[in-house]
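Colleague: Enclosed is the structure file protein-v7.cif (mmCIF, C-alpha atoms).
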```
data_upload
#
loop_
_atom_site.group_PDB
_atom_site.id
_atom_site.type_symbol
_atom_site.label_atom_id
_atom_site.label_comp_id
_atom_site.auth_asym_id
_atom_site.auth_seq_id
_atom_site.Cartn_x
_atom_site.Cartn_y
_atom_site.Cartn_z
ATOM 1 C CA MET A 1 42.963 -21.558 36.744
ATOM 2 C CA SER A 2 40.277 -23.024 34.505
ATOM 3 C CA SER A 3 38.563 -21.128 31.738
ATOM 4 C CA ALA A 4 34.911 -21.489 30.818
ATOM 5 C CA ILE A 5 34.288 -23.551 27.719
ATOM 6 C CA GLU A 6 31.924 -21.889 25.275
ATOM 7 C CA ARG A 7 29.229 -24.240 24.142
ATOM 8 C CA PRO A 8 27.078 -23.686 21.055
ATOM 9 C CA LEU A 9 23.506 -22.660 21.702
ATOM 10 C CA PRO A 10 20.854 -25.316 21.149
ATOM 11 C CA SER A 11 19.269 -25.220 17.688
ATOM 12 C CA LYS A 12 15.870 -24.202 19.108
ATOM 13 C CA THR A 13 17.461 -21.265 20.903
ATOM 14 C CA ARG A 14 19.244 -20.144 17.737
ATOM 15 C CA THR A 15 16.018 -20.483 15.724
ATOM 16 C CA ARG A 16 14.064 -18.503 18.333
ATOM 17 C CA SER A 17 16.732 -15.821 18.372
ATOM 18 C CA PHE A 18 16.607 -15.487 14.562
ATOM 19 C CA ALA A 19 12.792 -15.340 14.582
ATOM 20 C CA ASP A 20 12.807 -12.649 17.289
ATOM 21 C CA THR A 21 15.403 -10.604 15.410
ATOM 22 C CA PHE A 22 13.476 -10.937 12.139
ATOM 23 C CA GLU A 23 10.243 -9.856 13.827
ATOM 24 C CA ILE A 24 11.903 -6.781 15.355
ATOM 25 C CA TRP A 25 13.360 -5.680 12.022
ATOM 26 C CA ASN A 26 10.130 -6.483 10.209
ATOM 27 C CA ARG A 27 8.235 -4.110 12.510
ATOM 28 C CA LYS A 28 10.892 -1.413 12.109
ATOM 29 C CA LEU A 29 10.799 -1.774 8.337
ATOM 30 C CA HIS A 30 7.019 -1.551 8.371
ATOM 31 C CA TYR A 31 6.592 1.639 10.363
ATOM 32 C CA TYR A 32 9.677 3.474 9.051
ATOM 33 C CA LEU A 33 8.626 2.813 5.459
ATOM 34 C CA GLY A 34 5.124 3.897 6.391
ATOM 35 C CA LEU A 35 6.384 7.185 7.813
ATOM 36 C CA TYR A 36 8.675 7.853 4.839
ATOM 37 C CA PHE A 37 5.971 7.157 2.232
ATOM 38 C CA LEU A 38 3.139 8.751 4.242
ATOM 39 C CA PHE A 39 2.800 11.950 2.197
ATOM 40 C CA PHE A 40 3.498 10.183 -1.108
ATOM 41 C CA LEU A 41 0.591 7.837 -0.382
ATOM 42 C CA TRP A 42 -1.660 10.722 0.684
ATOM 43 C CA LEU A 43 -0.760 12.566 -2.522
ATOM 44 C CA PHE A 44 -1.650 9.604 -4.711
ATOM 45 C CA ALA A 45 -4.793 8.825 -2.732
ATOM 46 C CA PHE A 46 -6.025 12.412 -3.028
ATOM 47 C CA THR A 47 -5.131 12.784 -6.706
ATOM 48 C CA GLY A 48 -6.776 9.415 -7.336
ATOM 49 C CA LEU A 49 -9.999 10.881 -5.941
ATOM 50 C CA LEU A 50 -9.604 13.878 -8.255
ATOM 51 C CA LEU A 51 -9.204 11.566 -11.255
ATOM 52 C CA ASN A 52 -12.149 9.399 -10.203
ATOM 53 C CA HIS A 53 -14.663 12.212 -9.607
ATOM 54 C CA SER A 54 -15.617 15.314 -11.580
ATOM 55 C CA TRP A 55 -15.597 17.698 -8.641
ATOM 56 C CA LYS A 56 -15.952 21.367 -9.471
ATOM 57 C CA PHE A 57 -12.555 22.412 -8.116
ATOM 58 C CA SER A 58 -10.832 19.601 -10.015
ATOM 59 C CA GLU A 59 -11.887 20.964 -13.414
ATOM 60 C CA PHE A 60 -8.600 22.743 -13.857
ATOM 61 C CA TRP A 61 -7.959 22.488 -17.604
ATOM 62 C CA PRO A 62 -10.927 24.563 -18.904
ATOM 63 C CA ASN A 63 -9.989 27.285 -16.389
ATOM 64 C CA ARG A 64 -6.301 27.398 -17.270
ATOM 65 C CA ARG A 65 -4.521 30.714 -17.879
ATOM 66 C CA ILE A 66 -3.086 31.063 -21.383
ATOM 67 C CA SER A 67 -0.521 33.649 -22.404
ATOM 68 C CA THR A 68 1.313 34.190 -25.694
ATOM 69 C CA MET A 69 4.484 36.126 -26.459
ATOM 70 C CA GLN A 70 7.080 36.594 -29.201
ATOM 71 C CA ARG A 71 10.824 36.567 -28.540
ATOM 72 C CA GLU A 72 14.057 36.653 -30.493
ATOM 73 C CA VAL A 73 16.660 34.007 -29.652
ATOM 74 C CA ARG A 74 20.126 33.080 -30.852
ATOM 75 C CA LEU A 75 20.570 29.526 -31.963
ATOM 76 C CA PRO A 76 23.786 27.484 -32.055
ATOM 77 C CA ALA A 77 25.218 26.947 -35.515
ATOM 78 C CA SER A 78 25.290 23.180 -34.982
ATOM 79 C CA GLY A 79 24.022 20.565 -32.565
ATOM 80 C CA THR A 80 21.151 18.155 -32.133
ATOM 81 C CA ASP A 81 17.523 19.219 -31.931
ATOM 82 C CA LEU A 82 17.598 18.666 -28.177
ATOM 83 C CA GLU A 83 20.655 20.911 -27.778
ATOM 84 C CA LYS A 84 18.955 23.626 -29.824
ATOM 85 C CA ALA A 85 15.759 23.259 -27.779
ATOM 86 C CA GLU A 86 17.731 23.534 -24.528
ATOM 87 C CA SER A 87 19.459 26.669 -25.852
ATOM 88 C CA VAL A 88 16.072 28.237 -26.614
ATOM 89 C CA MET A 89 14.782 27.278 -23.158
ATOM 90 C CA ARG A 90 17.779 28.842 -21.391
ATOM 91 C CA GLN A 91 17.289 32.115 -23.245
ATOM 92 C CA LEU A 92 13.566 32.108 -22.457
ATOM 93 C CA GLY A 93 14.095 31.131 -18.806
ATOM 94 C CA ILE A 94 11.928 28.025 -19.162
ATOM 95 C CA GLN A 95 12.573 24.750 -17.369
ATOM 96 C CA GLY A 96 10.859 21.399 -17.717
ATOM 97 C CA GLU A 97 10.620 18.181 -19.688
ATOM 98 C CA VAL A 98 11.062 18.517 -23.455
ATOM 99 C CA GLU A 99 8.428 16.725 -25.491
ATOM 100 C CA TRP A 100 8.573 16.427 -29.259
ATOM 101 C CA THR A 101 4.977 16.779 -30.340
ATOM 102 C CA SER A 102 5.565 15.780 -33.971
ATOM 103 C CA PRO A 103 8.364 14.877 -36.377
ATOM 104 C CA ARG A 104 10.246 17.764 -37.995
ATOM 105 C CA ALA A 105 7.897 18.955 -40.756
ATOM 106 C CA ALA A 106 10.301 21.626 -42.064
ATOM 107 C CA PRO A 107 14.079 21.908 -41.674
ATOM 108 C CA ASP A 108 13.857 25.589 -40.673
ATOM 109 C CA ARG A 109 11.287 25.086 -37.874
ATOM 110 C CA LEU A 110 11.786 23.691 -34.385
ATOM 111 C CA ASN A 111 8.519 22.932 -32.626
ATOM 112 C CA PHE A 112 8.416 21.344 -29.188
ATOM 113 C CA ARG A 113 6.609 21.398 -25.862
ATOM 114 C CA VAL A 114 8.089 21.962 -22.403
ATOM 115 C CA SER A 115 6.100 20.455 -19.538
ATOM 116 C CA ARG A 116 6.331 20.576 -15.811
ATOM 117 C CA PRO A 117 3.478 20.098 -13.317
ATOM 118 C CA GLY A 118 1.258 23.158 -13.639
ATOM 119 C CA HIS A 119 2.966 24.674 -16.701
ATOM 120 C CA ILE A 120 2.964 23.733 -20.380
ATOM 121 C CA SER A 121 4.809 25.838 -22.955
ATOM 122 C CA GLU A 122 4.307 25.306 -26.687
ATOM 123 C CA ILE A 123 7.403 26.691 -28.439
ATOM 124 C CA SER A 124 7.811 27.302 -32.145
ATOM 125 C CA THR A 125 11.174 28.659 -33.377
ATOM 126 C CA ASP A 126 12.330 29.832 -36.772
ATOM 127 C CA LEU A 127 15.838 28.373 -36.989
ATOM 128 C CA THR A 128 16.983 30.817 -39.669
ATOM 129 C CA GLN A 129 15.958 34.100 -38.026
ATOM 130 C CA GLY A 130 15.412 33.153 -34.377
ATOM 131 C CA HIS A 131 11.785 34.312 -34.211
ATOM 132 C CA THR A 132 10.136 32.339 -31.418
ATOM 133 C CA ARG A 133 6.494 32.077 -30.415
ATOM 134 C CA ILE A 134 5.670 30.814 -26.914
ATOM 135 C CA GLU A 135 2.187 29.851 -25.764
ATOM 136 C CA THR A 136 2.089 29.062 -22.043
ATOM 137 C CA SER A 137 -0.752 27.355 -20.179
ATOM 138 C CA GLU A 138 -0.866 27.475 -16.372
ATOM 139 C CA VAL A 139 -3.233 25.534 -14.136
ATOM 140 C CA ASN A 140 -4.176 25.865 -10.477
ATOM 141 C CA LEU A 141 -2.962 23.819 -7.512
ATOM 142 C CA TRP A 142 -5.543 21.092 -8.120
ATOM 143 C CA GLY A 143 -4.232 20.757 -11.650
ATOM 144 C CA VAL A 144 -0.660 20.422 -10.398
ATOM 145 C CA MET A 145 -1.654 17.659 -7.970
ATOM 146 C CA ARG A 146 -3.645 15.842 -10.618
ATOM 147 C CA VAL A 147 -0.794 15.996 -13.135
ATOM 148 C CA LEU A 148 1.619 14.581 -10.545
ATOM 149 C CA HIS A 149 -0.489 11.414 -10.428
ATOM 150 C CA THR A 150 0.559 10.475 -13.965
ATOM 151 C CA PHE A 151 3.656 12.622 -14.574
ATOM 152 C CA THR A 152 6.471 10.429 -15.925
ATOM 153 C CA GLY A 153 8.091 12.575 -18.621
ATOM 154 C CA VAL A 154 7.652 9.821 -21.228
ATOM 155 C CA ARG A 155 4.567 9.503 -23.375
ATOM 156 C CA LEU A 156 3.163 6.176 -24.519
ATOM 157 C CA ASN A 157 3.559 7.295 -28.124
ATOM 158 C CA ASP A 158 7.316 7.349 -28.533
ATOM 159 C CA ALA A 159 7.290 7.839 -32.306
ATOM 160 C CA ALA A 160 8.998 11.233 -31.984
ATOM 161 C CA GLY A 161 11.818 9.813 -29.825
ATOM 162 C CA ASN A 162 10.706 11.280 -26.504
ATOM 163 C CA GLN A 163 12.724 10.364 -23.449
ATOM 164 C CA ARG A 164 13.405 11.812 -20.014
ATOM 165 C CA ASP A 165 15.823 14.700 -20.307
ATOM 166 C CA TRP A 166 14.990 16.774 -17.199
ATOM 167 C CA LEU A 167 16.768 15.813 -13.964
ATOM 168 C CA LEU A 168 13.726 16.462 -11.770
ATOM 169 C CA THR A 169 11.621 14.135 -13.924
ATOM 170 C CA THR A 170 14.168 11.350 -13.421
ATOM 171 C CA ILE A 171 14.208 11.968 -9.653
ATOM 172 C CA TRP A 172 10.393 11.902 -9.582
ATOM 173 C CA ALA A 173 10.283 8.644 -11.563
ATOM 174 C CA LEU A 174 12.822 7.037 -9.212
ATOM 175 C CA SER A 175 10.786 8.221 -6.224
ATOM 176 C CA MET A 176 7.692 6.567 -7.674
ATOM 177 C CA ASP A 177 9.663 3.338 -8.164
ATOM 178 C CA ALA A 178 10.713 3.558 -4.513
ATOM 179 C CA VAL A 179 7.089 4.086 -3.443
ATOM 180 C CA ALA A 180 5.964 1.021 -5.425
ATOM 181 C CA ILE A 181 8.729 -1.174 -3.986
ATOM 182 C CA GLY A 182 8.101 0.200 -0.483
ATOM 183 C CA ILE A 183 4.400 -0.641 -0.680
ATOM 184 C CA ILE A 184 5.239 -4.196 -1.764
ATOM 185 C CA LEU A 185 7.572 -4.584 1.224
ATOM 186 C CA MET A 186 4.979 -3.117 3.603
ATOM 187 C CA VAL A 187 2.352 -5.556 2.341
ATOM 188 C CA PHE A 188 4.666 -8.524 2.908
ATOM 189 C CA SER A 189 5.552 -7.271 6.386
ATOM 190 C CA SER A 190 1.833 -6.860 7.165
ATOM 191 C CA PHE A 191 1.217 -10.422 5.984
ATOM 192 C CA TYR A 192 3.949 -11.704 8.301
ATOM 193 C CA MET A 193 2.667 -9.748 11.319
ATOM 194 C CA TRP A 194 -0.861 -11.028 10.702
ATOM 195 C CA TYR A 195 0.375 -14.621 10.458
ATOM 196 C CA ARG A 196 2.183 -14.238 13.786
ATOM 197 C CA LEU A 197 -1.116 -13.441 15.547
ATOM 198 C CA PRO A 198 -3.147 -16.695 15.705
ATOM 199 C CA ALA A 199 -6.135 -14.940 17.293
ATOM 200 C CA LYS A 200 -6.457 -12.666 14.251
ATOM 201 C CA ARG A 201 -6.022 -15.280 11.531
ATOM 202 C CA ASN A 202 -9.693 -16.014 10.854
ATOM 203 C CA LEU A 203 -10.729 -12.373 10.472
ATOM 204 C CA GLY A 204 -7.524 -11.645 8.569
ATOM 205 C CA MET A 205 -8.231 -14.523 6.196
ATOM 206 C CA VAL A 206 -11.673 -13.095 5.450
ATOM 207 C CA ALA A 207 -10.126 -9.702 4.623
ATOM 208 C CA LEU A 208 -7.447 -11.349 2.489
ATOM 209 C CA VAL A 209 -9.949 -13.420 0.490
ATOM 210 C CA LEU A 210 -12.221 -10.399 -0.071
ATOM 211 C CA GLY A 211 -9.240 -8.417 -1.337
ATOM 212 C CA ILE A 212 -8.193 -11.198 -3.718
ATOM 213 C CA VAL A 213 -11.728 -11.590 -5.089
ATOM 214 C CA SER A 214 -12.225 -7.825 -5.533
ATOM 215 C CA CYS A 215 -8.898 -7.387 -7.306
ATOM 216 C CA GLY A 216 -9.420 -10.500 -9.415
ATOM 217 C CA LEU A 217 -12.784 -9.168 -10.567
ATOM 218 C CA PHE A 218 -11.097 -6.236 -12.318
ATOM 219 C CA VAL A 219 -7.928 -8.040 -13.420
ATOM 220 C CA CYS A 220 -9.573 -11.138 -14.898
ATOM 221 C CA GLY A 221 -13.313 -11.143 -14.267
ATOM 222 C CA LEU A 222 -14.230 -8.287 -16.596
ATOM 223 C CA ARG A 223 -12.708 -10.225 -19.502
ATOM 224 C CA TRP A 224 -15.149 -13.060 -18.849
ATOM 225 C CA ILE A 225 -18.181 -10.789 -18.487
ATOM 226 C CA TYR A 226 -17.727 -9.027 -21.822
#
```
Write out the structure in this file as structure tokens.
Modeller:
Amino acid sequence: MSSAIERPLPSKTRTRSFADTFEIWNRKLHYYLGLYFLFFLWLFAFTGLLLNHSWKFSEFWPNRRISTMQREVRLPASGTDLEKAESVMRQLGIQGEVEWTSPRAAPDRLNFRVSRPGHISEISTDLTQGHTRIETSEVNLWGVMRVLHTFTGVRLNDAAGNQRDWLLTTIWALSMDAVAIGIILMVFSSFYMWYRLPAKRNLGMVALVLGIVSCGLFVCGLRWIY
């Protein structure tokens, strides 16, 4: 009884099989990433329009609601400024990203800001007696969406030692990293799918060149004009 001898596939067949498999997974990657990032991209597209145009409903900051109150809090006998700030926040029922607005001007005062999209609380605490003043600003839905466009939890001016200390801010920042990487992958997959369609190459090349020229105008061209 003879057994069939397995023979290796010809190199062309193996190459074709790899190309077919790559194309299948490239398409899957493209539309699954597109579905996952769909609402993230809509959010950033819409908030980009709000930032680019002074529409009436987007003027959220002048119409913000401001409230002020005084509270008494108990402060820990020791600990870092951040630990003391978090203790004050827990007692006040405030959550968000802590931002140090200025260096400590006096050893008996603790001044900081707590931010989350739509809410900003300016907190000033007397460390010796626990007297605390809270000024809260609240904006409408358009303000929340606009803030999300640039919300990172870290300011460019890091002189006061600001860093991300709120879990939701870290999750949001990681999500934005994922969106950026996902868009890069989608662009490469689009490039591959276009290249695999010879009938579309000429028109695709025109679109590609126009995109490169338009982007290059703002990246490099404006430096030459002025």
Colleague: Which residues, named as in the file, does the PyMOL selection byres ((chain A and resi 185) around 12) pick out? Answer as a list of chain:residue names.
Modeller: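 Those residues are A:Asn26, A:Arg27, A:Lys28, A:Leu29, A:His30, A:Tyr31, A:Tyr32, A:Leu33, A:Gly34, A:Phe37, A:Ala178, A:Val179, A:Ala180, A:Ile181, A:Gly182, A:Ile183, A:Ile184, A:Met186, A:Val187, A:Phe188, A:Ser189, A:Ser190, A:Phe191, A:Tyr192.
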Colleague: Report the residues retrieved by the PyMOL selection byres ((chain A and resi 99) around 8) from the displayed file, expressed as a PyMOL selection string.
Modeller: chain A and resi 97-98+100-101+112-115+162-163
Colleague: Determine the nearest neighbour of Ile66 (chain A) from the options A:Asp108, A:Asp126, A:Glu86, A:Glu138, counting all atoms listed in the file.
Modeller: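 Of A:Asp108, A:Asp126, A:Glu86, A:Glu138, the one nearest Ile66 (chain A), counting all atoms listed in the file, is A:Glu138.
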Colleague: Quick one: which residues end up in the PyMOL selection byres ((chain A and resi 127) around 10) for this structure, as a list in words?
Modeller: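 Checked against the file, the PyMOL selection byres ((chain A and resi 127) around 10) matches Val73, Arg74, Leu75, Pro76, Ala77, Lys84, Pro107, Asp108, Arg109, Leu110, Ser124, Thr125, Asp126, Thr128, Gln129, Gly130, His131 and Thr132 of chain A.
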Colleague: Convert the current residue selection to file output with C-alpha atoms, as an mmCIF file, in the frame of the given file.
Modeller:
```
data_model
loop_
_atom_site.group_PDB
_atom_site.id
_atom_site.type_symbol
_atom_site.label_atom_id
_atom_site.label_comp_id
_atom_site.auth_asym_id
_atom_site.auth_seq_id
_atom_site.Cartn_x
_atom_site.Cartn_y
_atom_site.Cartn_z
ATOM 1 C CA VAL A 73 16.660 34.007 -29.652
ATOM 2 C CA ARG A 74 20.126 33.080 -30.852
ATOM 3 C CA LEU A 75 20.570 29.526 -31.963
ATOM 4 C CA PRO A 76 23.786 27.484 -32.055
ATOM 5 C CA ALA A 77 25.218 26.947 -35.515
ATOM 6 C CA LYS A 84 18.955 23.626 -29.824
ATOM 7 C CA PRO A 107 14.079 21.908 -41.674
ATOM 8 C CA ASP A 108 13.857 25.589 -40.673
ATOM 9 C CA ARG A 109 11.287 25.086 -37.874
ATOM 10 C CA LEU A 110 11.786 23.691 -34.385
ATOM 11 C CA SER A 124 7.811 27.302 -32.145
ATOM 12 C CA THR A 125 11.174 28.659 -33.377
ATOM 13 C CA ASP A 126 12.330 29.832 -36.772
ATOM 14 C CA THR A 128 16.983 30.817 -39.669
ATOM 15 C CA GLN A 129 15.958 34.100 -38.026
ATOM 16 C CA GLY A 130 15.412 33.153 -34.377
ATOM 17 C CA HIS A 131 11.785 34.312 -34.211
ATOM 18 C CA THR A 132 10.136 32.339 -31.418
#
```
Colleague: Can I get the residues of region 92-158 of chain A within 12 Å of region 39-53 of chain A, each with the closest pair of atoms and their distance in Å to one decimal, using only C-alpha atoms, sorted chain first then ascending number, as JSON lines?
Modeller:
```
{"residue": "A:Leu141", "atom": "CA", "partner": "A:Thr47", "partner_atom": "CA", "distance": 11.3}
{"residue": "A:Trp142", "atom": "CA", "partner": "A:Leu50", "partner_atom": "CA", "distance": 8.3}
{"residue": "A:Gly143", "atom": "CA", "partner": "A:Leu50", "partner_atom": "CA", "distance": 9.4}
{"residue": "A:Val144", "atom": "CA", "partner": "A:Thr47", "partner_atom": "CA", "distance": 9.6}
{"residue": "A:Met145", "atom": "CA", "partner": "A:Thr47", "partner_atom": "CA", "distance": 6.1}
{"residue": "A:Arg146", "atom": "CA", "partner": "A:Thr47", "partner_atom": "CA", "distance": 5.2}
{"residue": "A:Val147", "atom": "CA", "partner": "A:Thr47", "partner_atom": "CA", "distance": 8.4}
{"residue": "A:Leu148", "atom": "CA", "partner": "A:Thr47", "partner_atom": "CA", "distance": 8.0}
{"residue": "A:His149", "atom": "CA", "partner": "A:Thr47", "partner_atom": "CA", "distance": 6.1}
{"residue": "A:Thr150", "atom": "CA", "partner": "A:Thr47", "partner_atom": "CA", "distance": 9.5}
{"residue": "A:Phe151", "atom": "CA", "partner": "A:Phe44", "partner_atom": "CA", "distance": 11.6}
```
Colleague: So what do you get for CA of Gly118 (chain A) versus CA of Arg65 (chain A), distance-wise?
Modeller: 10.4 Å
Colleague: For a cut-off of 10 Å around (3.2, 31.0, -29.7), file coordinates, pick out all residues using all atoms listed in the file and list them as number ranges by chain.
Modeller: A: 67-71, 121-125, 132-136
Colleague: Kindly give the distance, in Å, that separates CA of Ala19 (chain A) and CA of Tyr195 (chain A), rounded to a single decimal.
Modeller: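 For CA of Ala19 (chain A) relative to CA of Tyr195 (chain A), the distance reads 13.1 Å.
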Colleague: Which polymer residues have any atom within 12 Å of an atom of Thr170 (chain A), counting all atoms listed in the file, with same-chain residues fewer than 2 positions away left out, as a PyMOL selection string?
Modeller: chain A and resi 96-97+151-154+163-168+172-177
